[in-house]
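Below is the file model.cif, which contains mmCIF, C-alpha atoms and all ligand atoms.
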```cif
data_final
loop_
_atom_site.label_atom_id
_atom_site.label_comp_id
_atom_site.auth_asym_id
_atom_site.auth_seq_id
_atom_site.Cartn_x
_atom_site.Cartn_y
_atom_site.Cartn_z
CA MET A 8 0.00 0.00 0.00
CA SER A 9 1.38 3.40 -0.94
CA ASP A 10 1.54 5.84 1.90
CA GLN A 11 -1.61 7.72 2.72
CA GLN A 12 -0.13 11.12 1.87
CA SER A 13 0.64 10.10 -1.69
CA ILE A 14 -2.89 8.75 -2.16
CA LEU A 15 -4.40 11.95 -0.78
CA SER A 16 -2.21 14.01 -3.08
CA GLY A 17 -3.16 11.73 -6.00
CA PHE A 18 -6.80 12.54 -5.28
CA ARG A 19 -6.01 16.28 -5.08
CA GLY A 20 -4.05 16.13 -8.35
CA ARG A 21 -6.95 14.55 -10.24
CA PHE A 22 -9.89 16.37 -8.72
CA GLY A 23 -8.44 19.69 -7.49
CA ARG A 24 -9.85 19.32 -3.97
CA ASP A 25 -9.37 17.22 -0.84
CA ALA A 26 -10.72 13.73 -0.19
CA ASP A 27 -13.08 13.29 2.76
CA ALA A 28 -11.31 10.13 3.95
CA LEU A 29 -9.53 6.90 2.96
CA TRP A 30 -10.83 3.34 3.06
CA SER A 31 -8.97 0.15 2.22
CA GLY A 32 -9.70 -3.45 1.26
CA PRO A 33 -7.15 -6.31 1.24
CA GLY A 34 -6.44 -8.97 -1.35
CA ARG A 35 -6.54 -12.57 -0.18
CA VAL A 36 -4.94 -15.93 -0.43
CA ASN A 37 -7.08 -18.98 -0.08
CA LEU A 38 -5.32 -21.40 2.24
CA ILE A 39 -7.58 -24.22 1.06
CA GLY A 40 -11.06 -24.78 -0.43
CA GLU A 41 -10.91 -24.03 -4.15
CA HIS A 42 -13.98 -23.80 -6.42
CA THR A 43 -16.05 -24.95 -3.46
CA ASP A 44 -17.64 -21.53 -2.87
CA TYR A 45 -20.11 -21.61 -5.77
CA ASN A 46 -20.93 -25.21 -4.81
CA ASP A 47 -22.22 -23.99 -1.41
CA GLY A 48 -19.16 -25.59 0.21
CA PHE A 49 -16.39 -24.64 2.63
CA VAL A 50 -13.47 -22.25 2.15
CA PHE A 51 -10.61 -21.14 4.40
CA PRO A 52 -8.98 -17.95 3.05
CA PHE A 53 -7.25 -15.04 4.72
CA ALA A 54 -6.93 -11.36 3.94
CA ILE A 55 -3.35 -10.33 3.14
CA ASN A 56 -1.19 -7.32 3.88
CA ARG A 57 -1.59 -6.03 0.32
CA ARG A 58 -4.44 -3.57 -0.07
CA ALA A 59 -6.44 -1.37 -2.38
CA VAL A 60 -7.07 2.11 -1.00
CA VAL A 61 -9.94 4.39 -2.04
CA ALA A 62 -9.78 8.12 -1.34
CA LEU A 63 -13.28 9.50 -1.74
CA ALA A 64 -15.25 12.72 -1.36
CA LEU A 65 -18.97 13.26 -1.88
CA ARG A 66 -20.14 15.78 -4.51
CA ASP A 67 -23.16 18.01 -4.45
CA ASP A 68 -24.47 16.66 -7.74
CA ARG A 69 -25.20 13.18 -9.15
CA MET A 70 -21.89 12.60 -10.96
CA LEU A 71 -19.57 9.70 -10.17
CA ARG A 72 -15.95 10.25 -11.17
CA VAL A 73 -13.32 7.55 -10.63
CA ALA A 74 -9.58 7.81 -11.16
CA SER A 75 -6.66 5.60 -10.23
CA SER A 76 -2.91 5.55 -9.87
CA PHE A 77 -2.63 2.98 -12.69
CA THR A 78 -4.14 5.04 -15.51
CA GLU A 79 -4.49 8.69 -16.46
CA GLU A 80 -8.12 8.15 -17.36
CA ILE A 81 -10.94 9.65 -15.27
CA VAL A 82 -14.20 7.78 -15.84
CA GLU A 83 -17.36 9.85 -15.36
CA ILE A 84 -20.98 8.78 -15.27
CA SER A 85 -24.17 10.09 -13.69
CA LEU A 86 -25.84 7.99 -11.00
CA ASP A 87 -28.92 8.16 -13.21
CA ASP A 88 -27.14 6.33 -16.04
CA LEU A 89 -25.43 3.63 -13.94
CA SER A 90 -26.08 0.08 -15.16
CA PRO A 91 -24.09 -3.07 -16.04
CA GLU A 92 -24.19 -1.96 -19.68
CA THR A 93 -22.84 1.54 -19.12
CA VAL A 94 -19.60 0.73 -17.26
CA SER A 95 -16.63 -1.31 -18.40
CA GLY A 96 -12.88 -1.79 -17.95
CA TRP A 97 -11.26 -1.22 -14.55
CA SER A 98 -13.97 1.26 -13.51
CA ALA A 99 -16.47 -1.65 -13.50
CA TYR A 100 -15.11 -2.58 -10.05
CA PRO A 101 -15.87 0.65 -8.15
CA LEU A 102 -18.83 1.70 -10.30
CA GLY A 103 -20.19 -1.85 -10.32
CA VAL A 104 -20.23 -1.71 -6.53
CA ALA A 105 -22.19 1.57 -6.57
CA TRP A 106 -24.74 -0.07 -8.90
CA ALA A 107 -24.88 -3.29 -6.85
CA LEU A 108 -25.54 -1.35 -3.63
CA GLY A 109 -28.67 -0.05 -5.37
CA GLN A 110 -29.66 -3.63 -6.29
CA LYS A 111 -29.28 -4.64 -2.65
CA GLY A 112 -31.60 -1.94 -1.37
CA ALA A 113 -29.72 1.38 -1.28
CA ASP A 114 -31.90 4.19 -2.63
CA LEU A 115 -29.59 5.50 -5.32
CA ALA A 116 -32.15 8.20 -6.20
CA ALA A 117 -31.48 9.79 -2.82
CA VAL A 118 -27.67 9.74 -2.63
CA ALA A 119 -24.99 12.19 -3.77
CA GLY A 120 -22.36 11.53 -6.40
CA PHE A 121 -18.67 11.14 -5.50
CA ASP A 122 -15.12 11.53 -6.70
CA ALA A 123 -12.89 8.53 -5.96
CA TYR A 124 -9.19 7.85 -6.46
CA ILE A 125 -7.89 4.29 -6.18
CA ASP A 126 -4.43 2.96 -5.51
CA SER A 127 -3.45 -0.66 -4.82
CA ASP A 128 -0.45 -2.83 -4.17
CA VAL A 129 -2.33 -6.08 -4.76
CA PRO A 130 -0.72 -7.42 -7.95
CA ILE A 131 -3.20 -7.59 -10.82
CA GLY A 132 -3.87 -10.98 -12.42
CA ALA A 133 -1.89 -12.82 -9.74
CA GLY A 134 -4.89 -14.68 -8.33
CA LEU A 135 -4.78 -12.59 -5.15
CA SER A 136 -8.14 -10.88 -5.68
CA SER A 137 -7.01 -7.42 -6.70
CA SER A 138 -10.57 -6.89 -7.94
CA ALA A 139 -12.23 -7.89 -4.66
CA ALA A 140 -9.81 -5.55 -2.85
CA ILE A 141 -11.12 -2.60 -4.88
CA GLU A 142 -14.72 -3.73 -4.60
CA CYS A 143 -14.57 -4.15 -0.83
CA ALA A 144 -12.72 -0.87 -0.23
CA THR A 145 -15.36 0.90 -2.33
CA ALA A 146 -18.21 -0.95 -0.64
CA VAL A 147 -17.16 0.05 2.89
CA ALA A 148 -16.55 3.63 1.73
CA LEU A 149 -19.95 4.03 0.09
CA ASP A 150 -21.71 2.20 2.91
CA GLU A 151 -20.35 4.87 5.24
CA VAL A 152 -20.70 8.05 3.16
CA TRP A 153 -24.17 7.06 1.94
CA ASN A 154 -25.22 6.06 5.49
CA LEU A 155 -26.43 2.65 4.38
CA GLY A 156 -25.61 0.63 7.50
CA PHE A 157 -25.37 -2.64 5.52
CA ASP A 158 -23.75 -5.49 7.35
CA LYS A 159 -20.68 -7.22 5.99
CA GLN A 160 -22.58 -10.20 4.65
CA VAL A 161 -24.59 -7.85 2.44
CA LEU A 162 -21.42 -6.08 1.31
CA VAL A 163 -19.97 -9.48 0.35
CA ARG A 164 -23.00 -10.03 -1.89
CA VAL A 165 -22.64 -6.52 -3.28
CA GLY A 166 -19.06 -7.24 -4.36
CA GLN A 167 -20.08 -10.59 -5.85
CA LEU A 168 -22.98 -8.99 -7.76
CA ALA A 169 -20.67 -6.35 -9.21
CA GLU A 170 -18.28 -9.11 -10.28
CA ASN A 171 -21.02 -11.35 -11.74
CA LYS A 172 -23.20 -8.79 -13.48
CA VAL A 173 -20.95 -5.86 -14.24
CA VAL A 174 -17.49 -7.39 -14.70
CA GLY A 175 -19.05 -10.59 -16.08
CA ALA A 176 -17.12 -13.20 -14.06
CA PRO A 177 -19.38 -15.97 -12.62
CA THR A 178 -17.48 -16.11 -9.32
CA GLY A 179 -18.58 -17.04 -5.79
CA ILE A 180 -18.23 -15.30 -2.43
CA LEU A 181 -14.74 -16.44 -1.45
CA ASP A 182 -12.77 -13.33 -2.35
CA GLN A 183 -15.12 -10.70 -0.96
CA SER A 184 -15.66 -12.71 2.24
CA ALA A 185 -11.92 -12.85 2.89
CA SER A 186 -11.50 -9.17 2.08
CA LEU A 187 -14.33 -8.05 4.37
CA LEU A 188 -14.13 -10.58 7.22
CA GLY A 189 -10.36 -11.11 7.49
CA GLN A 190 -8.50 -10.47 10.74
CA THR A 191 -4.84 -10.13 11.65
CA ASP A 192 -3.02 -13.48 12.00
CA ALA A 193 -6.19 -15.45 11.35
CA ALA A 194 -8.09 -17.13 8.52
CA VAL A 195 -11.83 -17.15 7.83
CA PHE A 196 -13.53 -20.55 7.92
CA LEU A 197 -16.66 -19.93 5.91
CA ASP A 198 -19.63 -22.12 5.12
CA CYS A 199 -20.79 -20.71 1.79
CA ARG A 200 -24.26 -22.23 2.20
CA SER A 201 -25.24 -20.89 5.63
CA PHE A 202 -22.80 -17.97 5.45
CA GLU A 203 -21.70 -18.81 8.99
CA SER A 204 -18.08 -17.90 9.48
CA GLU A 205 -15.47 -18.37 12.15
CA VAL A 206 -12.18 -16.56 12.42
CA ILE A 207 -9.45 -19.05 13.36
CA PRO A 208 -5.94 -18.03 14.50
CA LEU A 209 -3.24 -19.33 12.18
CA GLY A 210 -0.29 -19.28 14.57
CA PHE A 211 2.28 -19.12 11.75
CA ASP A 212 4.60 -16.79 13.70
CA ALA A 213 4.71 -18.93 16.82
CA ALA A 214 5.46 -21.99 14.66
CA GLY A 215 8.25 -20.18 12.76
CA LEU A 216 6.33 -20.46 9.49
CA GLU A 217 5.71 -18.08 6.61
CA LEU A 218 3.37 -18.22 3.68
CA LEU A 219 5.33 -17.59 0.51
CA VAL A 220 3.40 -16.44 -2.56
CA ILE A 221 4.88 -17.42 -5.91
CA ASP A 222 3.21 -15.32 -8.62
CA THR A 223 3.85 -17.25 -11.83
CA LYS A 224 2.99 -14.19 -13.97
CA VAL A 225 0.74 -16.42 -16.05
CA SER A 226 -2.31 -14.21 -16.31
CA HIS A 227 -5.88 -15.42 -16.26
CA ALA A 228 -9.34 -13.89 -16.51
CA HIS A 229 -12.39 -15.49 -14.93
CA ALA A 230 -14.80 -13.57 -17.15
CA THR A 231 -13.63 -15.77 -20.01
CA GLY A 232 -12.42 -19.35 -20.34
CA GLY A 233 -12.17 -22.34 -18.06
CA TYR A 234 -13.65 -20.95 -14.84
CA ALA A 235 -17.19 -20.88 -16.26
CA ASP A 236 -16.69 -24.35 -17.79
CA ARG A 237 -15.77 -25.77 -14.40
CA ARG A 238 -18.77 -24.15 -12.81
CA ALA A 239 -21.01 -25.64 -15.50
CA SER A 240 -19.53 -29.14 -14.92
CA CYS A 241 -20.28 -28.86 -11.22
CA GLU A 242 -23.88 -27.88 -11.97
CA THR A 243 -24.22 -30.80 -14.37
CA GLY A 244 -22.75 -33.17 -11.78
CA ALA A 245 -25.20 -31.97 -9.11
CA ARG A 246 -28.16 -32.29 -11.48
CA LEU A 247 -27.24 -35.81 -12.55
CA MET A 248 -26.70 -36.81 -8.93
CA GLY A 249 -30.15 -35.44 -8.09
CA VAL A 250 -29.05 -32.75 -5.62
CA ALA A 251 -29.45 -28.98 -5.53
CA SER A 252 -25.72 -28.44 -5.17
CA LEU A 253 -22.58 -30.51 -4.65
CA ARG A 254 -22.66 -29.47 -1.00
CA ASP A 255 -25.42 -32.03 -0.59
CA LEU A 256 -22.89 -34.80 -1.31
CA THR A 257 -19.85 -36.03 0.62
CA VAL A 258 -16.92 -38.28 -0.16
CA ALA A 259 -19.19 -41.21 0.81
CA ASP A 260 -21.16 -40.49 -2.38
CA LEU A 261 -18.15 -40.92 -4.66
CA PRO A 262 -18.80 -44.56 -5.63
CA ARG A 263 -22.32 -43.61 -6.77
CA ALA A 264 -20.95 -40.54 -8.58
CA GLU A 265 -18.56 -42.80 -10.45
CA SER A 266 -21.37 -45.03 -11.66
CA VAL A 267 -23.74 -42.17 -12.59
CA LEU A 268 -21.38 -39.61 -14.15
CA ASP A 269 -19.15 -39.60 -17.18
CA GLU A 270 -15.45 -39.89 -16.41
CA GLU A 271 -14.64 -36.17 -16.66
CA THR A 272 -17.65 -34.94 -14.67
CA HIS A 273 -16.87 -37.57 -12.04
CA ARG A 274 -13.37 -36.15 -11.63
CA ARG A 275 -14.71 -32.58 -11.37
CA VAL A 276 -17.17 -33.69 -8.70
CA ARG A 277 -14.49 -35.69 -6.90
CA HIS A 278 -12.38 -32.55 -6.58
CA ILE A 279 -15.22 -30.62 -4.97
CA LEU A 280 -16.20 -33.38 -2.53
CA THR A 281 -12.65 -34.15 -1.47
CA GLU A 282 -11.78 -30.44 -1.25
CA ASN A 283 -14.72 -29.76 1.07
CA GLN A 284 -13.44 -32.59 3.27
CA ARG A 285 -9.90 -31.15 3.14
CA VAL A 286 -11.16 -27.78 4.37
CA LEU A 287 -12.82 -29.45 7.36
CA ASP A 288 -9.67 -31.50 7.98
CA THR A 289 -7.49 -28.39 7.72
CA VAL A 290 -9.49 -26.56 10.36
CA ARG A 291 -9.36 -29.59 12.66
CA VAL A 292 -5.64 -30.25 12.15
CA LEU A 293 -4.81 -26.57 12.65
CA ARG A 294 -6.66 -26.59 15.97
CA GLU A 295 -5.31 -29.91 17.18
CA ASP A 296 -1.76 -30.02 15.85
CA GLY A 297 -0.96 -26.49 14.68
CA PRO A 298 0.01 -25.10 11.27
CA GLY A 299 3.13 -27.25 10.95
CA ALA A 300 0.85 -30.25 10.33
CA LEU A 301 -0.97 -28.79 7.32
CA GLY A 302 1.51 -29.66 4.57
CA ALA A 303 -0.05 -32.93 3.39
CA LEU A 304 -3.49 -31.34 3.05
CA LEU A 305 -2.11 -28.49 0.92
CA ASP A 306 -0.28 -30.98 -1.27
CA ALA A 307 -3.37 -33.15 -1.71
CA SER A 308 -5.41 -30.09 -2.64
CA HIS A 309 -2.94 -29.19 -5.36
CA ALA A 310 -2.92 -32.74 -6.77
CA SER A 311 -6.72 -32.69 -6.90
CA MET A 312 -6.78 -29.37 -8.78
CA ARG A 313 -4.07 -30.56 -11.16
CA ASP A 314 -5.45 -34.03 -11.91
CA ASP A 315 -9.20 -33.97 -11.21
CA PHE A 316 -10.29 -30.36 -11.70
CA GLU A 317 -7.54 -29.61 -14.25
CA ILE A 318 -7.11 -25.93 -13.44
CA SER A 319 -3.36 -25.87 -12.87
CA VAL A 320 -0.72 -24.93 -15.44
CA ALA A 321 2.90 -26.09 -15.87
CA GLU A 322 4.27 -23.01 -14.10
CA LEU A 323 2.08 -23.60 -11.02
CA ASP A 324 3.03 -27.28 -10.91
CA LEU A 325 6.71 -26.44 -11.15
CA ALA A 326 6.43 -23.78 -8.42
CA VAL A 327 4.67 -26.22 -6.10
CA GLU A 328 7.02 -29.16 -6.74
CA THR A 329 10.16 -27.07 -6.43
CA ALA A 330 9.05 -25.28 -3.28
CA ARG A 331 8.36 -28.62 -1.62
CA THR A 332 11.65 -30.13 -2.66
CA ALA A 333 13.46 -27.07 -1.29
CA GLY A 334 11.84 -27.41 2.12
CA ALA A 335 8.27 -26.05 2.04
CA LEU A 336 6.00 -28.15 4.27
CA GLY A 337 3.25 -28.04 1.66
CA ALA A 338 2.27 -26.02 -1.39
CA ARG A 339 -0.66 -25.51 -3.72
CA MET A 340 -1.99 -23.18 -6.32
CA THR A 341 -4.44 -20.64 -4.88
CA GLY A 342 -7.46 -18.94 -6.42
CA GLY A 343 -9.37 -19.73 -9.58
CA GLY A 344 -6.48 -21.30 -11.48
CA PHE A 345 -5.30 -21.22 -15.10
CA GLY A 346 -2.43 -19.03 -13.93
CA GLY A 347 -1.91 -16.74 -10.97
CA SER A 348 -0.10 -17.74 -7.80
CA ALA A 349 0.98 -20.72 -5.76
CA ILE A 350 1.40 -20.60 -1.98
CA ALA A 351 4.07 -22.47 -0.07
CA LEU A 352 3.94 -22.95 3.71
CA THR A 353 7.61 -22.63 4.55
CA PRO A 354 9.80 -22.53 7.68
CA HIS A 355 11.07 -18.98 8.09
CA ALA A 356 14.75 -19.93 7.72
CA LEU A 357 14.14 -21.73 4.42
CA ILE A 358 12.45 -18.84 2.59
CA PRO A 359 15.63 -17.72 0.75
CA ALA A 360 16.44 -21.30 -0.31
CA VAL A 361 12.92 -21.92 -1.59
CA GLN A 362 12.93 -18.63 -3.50
CA GLN A 363 16.27 -19.42 -5.07
CA ALA A 364 15.23 -22.94 -6.04
CA VAL A 365 12.00 -21.72 -7.65
CA ALA A 366 13.79 -18.92 -9.51
CA ASP A 367 16.39 -21.39 -10.82
CA ALA A 368 13.77 -23.95 -11.84
CA PHE A 369 11.81 -21.29 -13.78
CA THR A 370 14.97 -20.17 -15.57
CA ALA A 371 15.85 -23.76 -16.45
CA ALA A 372 12.33 -24.37 -17.80
CA GLY A 373 12.43 -21.20 -19.89
CA PHE A 374 9.49 -19.67 -17.96
CA THR A 375 9.10 -15.96 -17.18
CA ALA A 376 10.71 -15.15 -13.82
CA PRO A 377 8.11 -15.39 -11.03
CA ASP A 378 7.52 -12.73 -8.40
CA MET A 379 7.85 -14.04 -4.84
CA PHE A 380 6.91 -12.48 -1.53
CA VAL A 381 5.78 -13.46 1.94
CA VAL A 382 2.26 -12.48 3.00
CA ARG A 383 0.78 -12.03 6.44
CA ALA A 384 -2.85 -12.45 7.47
CA ALA A 385 -4.21 -8.92 7.82
CA ALA A 386 -7.33 -7.04 8.85
CA GLY A 387 -10.34 -6.83 6.54
CA ALA A 388 -11.72 -3.82 4.71
CA GLY A 389 -12.41 -0.64 6.65
CA ARG A 390 -11.75 3.05 7.09
CA LEU A 391 -8.12 4.11 7.25
CA SER A 392 -8.35 7.71 8.35
C1 LIG B 1 -11.84 -17.09 -7.91
C2 LIG B 1 -13.29 -16.70 -7.63
C3 LIG B 1 -13.78 -17.27 -6.29
C4 LIG B 1 -13.50 -18.75 -6.19
C5 LIG B 1 -12.06 -19.07 -6.60
C6 LIG B 1 -11.79 -20.53 -6.66
O1 LIG B 1 -10.99 -16.50 -6.98
O2 LIG B 1 -13.41 -15.31 -7.62
O3 LIG B 1 -15.15 -16.98 -6.13
O4 LIG B 1 -14.43 -19.49 -6.95
O5 LIG B 1 -11.71 -18.50 -7.86
O6 LIG B 1 -11.82 -21.08 -5.39
#
```

Any chance you could give the structure as structure tokens?
Amino acid sequence: MSDQQSILSGFRGRFGRDADALWSGPGRVNLIGEHTDYNDGFVFPFAINRRAVVALALRDDRMLRVASSFTEEIVEISLDDLSPETVSGWSAYPLGVAWALGQKGADLAAVAGFDAYIDSDVPIGAGLSSSAAIECATAVALDEVWNLGFDKQVLVRVGQLAENKVVGAPTGILDQSASLLGQTDAAVFLDCRSFESEVIPLGFDAAGLELLVIDTKVSHAHATGGYADRRASCETGARLMGVASLRDLTVADLPRAESVLDEETHRRVRHILTENQRVLDTVRVLREDGPGALGALLDASHASMRDDFEISVAELDLAVETARTAGALGARMTGGGFGGSAIALTPHALIPAVQQAVADAFTAAGFTAPDMFVVRAAAGAGRLS
């Protein structure tokens, strides 16, 4: 996150006046529970110490103007013209949230316009939810300045609606839940069906562990491509198994799934059912034995995404394998897949060795050099100043 002064002066430079305040929203890593969210399943992500910041001031007319540190462009639209069809590009994230708040009950006919300036140090396209970071920072900002009083669960849905209807990515509630509900040094155990959540301390520090992110630089977009295909396979699997969603099945149903489903759909379903079980096991093992005992579950999750769900790529597989060989306790790709980042749970003292091994392996394979950094579990979205 850039320092607050530079964000305030960015706002002043674009709009010629001062911001009312700053709000921020973090990116996330998902420790485990991938593609389970839109199957009403379990996820276990945490908010990270990389954040989007929104500087915002209300206007006395109905105009919305959004600017950012990553482009010169200022996008302008009247509140009266706001719809999924009238916004596009990066501004779909903040403006999509303004629209979605209206869909969730805010009276947009009665609110004032705003100027907003956005800065972020969540890498874009790295699978760390740079978009949810912007959405959640904007959602908490508008909730406050428009006096909406929405609770966080509603704001999660607001971010998801912006993503689904305005950005056009058929994603679940994982990213926005982590960004809004995250807490320092803890992960969010979330049941995506009941929306019940529990914040569980990670204890990485006490165990001498770090979570290393390996951004493969292979970019992905969930508005196009394989993400929607995987979602469709899950829906087909549920329908053929006679249930409303895959959450209604457990690993005990796998033999029946194998006899009812075609080979590929069976593997897709097997990933979801085993991944839900791995989330439950992760929470239990973390509580009983601490974070040092999580490696095998992370590894099994990666194998399932690589072989059954088929959402990994060669760069992610290489990152995971190499990190493990160099001393990580466990590693897996994180996020929607088809690129983005891997995470490696690594003893503090071995971080340099793991980084070196991964960098060397990528060079040897002729892959683009990855970006690597340690993340900490951080607080969720809120007001900064
Ligand atoms: C992306 C989506 C989430 C979730 C993950 C996969 O991050 O935005 O809703 O489906 O992929 O777990």

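Nearest residue to ligand LIG 1 (chain B), choosing from A:Glu142, A:Asp182, A:Asp150, A:Asp158 and counting all atoms listed in the file: A:Asp182.
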
>> What's around Lys172 in chain A at 10 Å? Count only C-alpha atoms, leave out sequence neighbours fewer than 6 positions away in its own chain, and write the answer as an MDAnalysis selection string.
In response: chainID A and resid 90:92 99 103 106:107

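Taking only C-alpha atoms and all ligand atoms into account, ligand LIG 1 (chain B) lies nearest to A:Gly343 out of the set A:Gly343, A:Gly23, A:Gly233, A:Pro177.
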
> Within 7 Å of ligand LIG 1 (chain B), counting all atoms listed in the file, which protein or nucleic acid residues do you find, written as number ranges by chain?
Replying inline: A: 40-45, 134, 136, 178-182, 342-344

Taking 5 positions as the minimum chain separation for residues in the same chain, which residues sit within 8 Å of range 79-87 of chain A when counting all atoms listed in the file? Answer as a PDB file with C-alpha atoms, keeping the file's coordinate frame.
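The result, stored in result17.pdb:
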```pdb
ATOM      1  CA  ARG A  69     -25.200  13.180  -9.150  1.00  0.00           C
ATOM      2  CA  MET A  70     -21.890  12.600 -10.960  1.00  0.00           C
ATOM      3  CA  LEU A  71     -19.570   9.700 -10.170  1.00  0.00           C
ATOM      4  CA  ARG A  72     -15.950  10.250 -11.170  1.00  0.00           C
ATOM      5  CA  VAL A  73     -13.320   7.550 -10.630  1.00  0.00           C
ATOM      6  CA  ALA A  74      -9.580   7.810 -11.160  1.00  0.00           C
ATOM      7  CA  SER A  98     -13.970   1.260 -13.510  1.00  0.00           C
ATOM      8  CA  LEU A 115     -29.590   5.500  -5.320  1.00  0.00           C
ATOM      9  CA  ALA A 116     -32.150   8.200  -6.200  1.00  0.00           C
ATOM     10  CA  GLY A 120     -22.360  11.530  -6.400  1.00  0.00           C
TER      11      GLY A 120
END
```

>> Report, in Å with one decimal, the straight-line distance from CA of Ala372 in chain A to CA of Val320 in chain A.
In response: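 One can read the CA of Ala372 in chain A to CA of Val320 in chain A distance as 13.3 Å.
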
>> Rounded to one decimal, what separation in Å do you get between CA of Ala264 in chain A and CA of Leu280 in chain A?
In response: 10.5 Å

>> With 12 Å as the threshold, what does the neighbourhood of (11.5, -21.2, -17.8) contain in terms of residues, counting only C-alpha atoms? Coordinates are those of the file; answer as JSON, numbers by chain.
In response: {"A": [223, 224, 225, 321, 322, 323, 325, 326, 365, 366, 367, 368, 369, 370, 371, 372, 373, 374, 375, 376, 377]}

Surrounding residues of Ile350 in chain A excluding itself and chain neighbours under 4 positions, 7 Å, all atoms listed in the file, as a CSV table (one decimal) with C-alpha atoms, in the coordinates of the input:
```csv
chain,number,residue,atom,x,y,z
A,218,LEU,CA,3.4,-18.2,3.7
A,219,LEU,CA,5.3,-17.6,0.5
A,220,VAL,CA,3.4,-16.4,-2.6
A,221,ILE,CA,4.9,-17.4,-5.9
A,338,ALA,CA,2.3,-26.0,-1.4
A,339,ARG,CA,-0.7,-25.5,-3.7
A,340,MET,CA,-2.0,-23.2,-6.3
A,341,THR,CA,-4.4,-20.6,-4.9
```

> Suppose you want the space between CA of Val258 in chain A and CA of Ser201 in chain A; what is it in Å?
Replying inline: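 Taking CA of Val258 in chain A and CA of Ser201 in chain A, their separation equals 20.1 Å.
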
>> Just want the 8 Å neighbourhood of Thr257 in chain A, counted on only C-alpha atoms, with same-chain residues fewer than 4 positions away dropped. Output as a list of chain:residue names.
In response: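 The filter keeps A:Leu261, A:Leu280, A:Thr281, A:Gln284.
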
>> From the options A:Val36, A:Val381, A:Ala213, A:Val50, which residue's atoms come nearest to Ala139 in chain A, counting all atoms listed in the file?
In response: A:Val36

> So which one's closest to Ser392 in chain A, A:Trp153, A:Phe49, A:Trp30, A:Tyr124? Using all atoms listed in the file, please.
Replying inline: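 Residue with the minimum atom-to-atom distance to Ser392 in chain A: A:Trp30.
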
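If all atoms listed in the file are the atoms counted, then among A:Ala349, A:Ala228, A:Arg263, A:Arg274 the closest residue to Leu305 in chain A is A:Ala349.
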
>> With all atoms listed in the file as the counted atoms, please give the residues lying no more than 6 Å from Phe345 in chain A, apart from itself and same-chain residues fewer than 3 positions off, as a list in words.
In response: His227, Ile318, Ser319 and Val320 of chain A

>> I need the residue nearest Glu328 in chain A from this list: A:Asp306, A:Asp315, A:Asp288, A:Asp296. Use all atoms listed in the file for the distance.
In response: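 Of A:Asp306, A:Asp315, A:Asp288, A:Asp296, the one nearest Glu328 in chain A is A:Asp306, counting all atoms listed in the file.
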
Closest pair table for range 276-334 of chain A residues within 10 Å of range 237-255 of chain A, only C-alpha atoms, as JSON lines:
```
{"residue": "A:Val276", "atom": "CA", "partner": "A:Cys241", "partner_atom": "CA", "distance": 6.3}
{"residue": "A:Arg277", "atom": "CA", "partner": "A:Leu253", "partner_atom": "CA", "distance": 9.9}
{"residue": "A:His278", "atom": "CA", "partner": "A:Cys241", "partner_atom": "CA", "distance": 9.9}
{"residue": "A:Ile279", "atom": "CA", "partner": "A:Leu253", "partner_atom": "CA", "distance": 7.4}
{"residue": "A:Leu280", "atom": "CA", "partner": "A:Leu253", "partner_atom": "CA", "distance": 7.3}
{"residue": "A:Asn283", "atom": "CA", "partner": "A:Arg254", "partner_atom": "CA", "distance": 8.2}
{"residue": "A:Phe316", "atom": "CA", "partner": "A:Arg237", "partner_atom": "CA", "distance": 7.6}
{"residue": "A:Glu317", "atom": "CA", "partner": "A:Arg237", "partner_atom": "CA", "distance": 9.1}
{"residue": "A:Ile318", "atom": "CA", "partner": "A:Arg237", "partner_atom": "CA", "distance": 8.7}
```
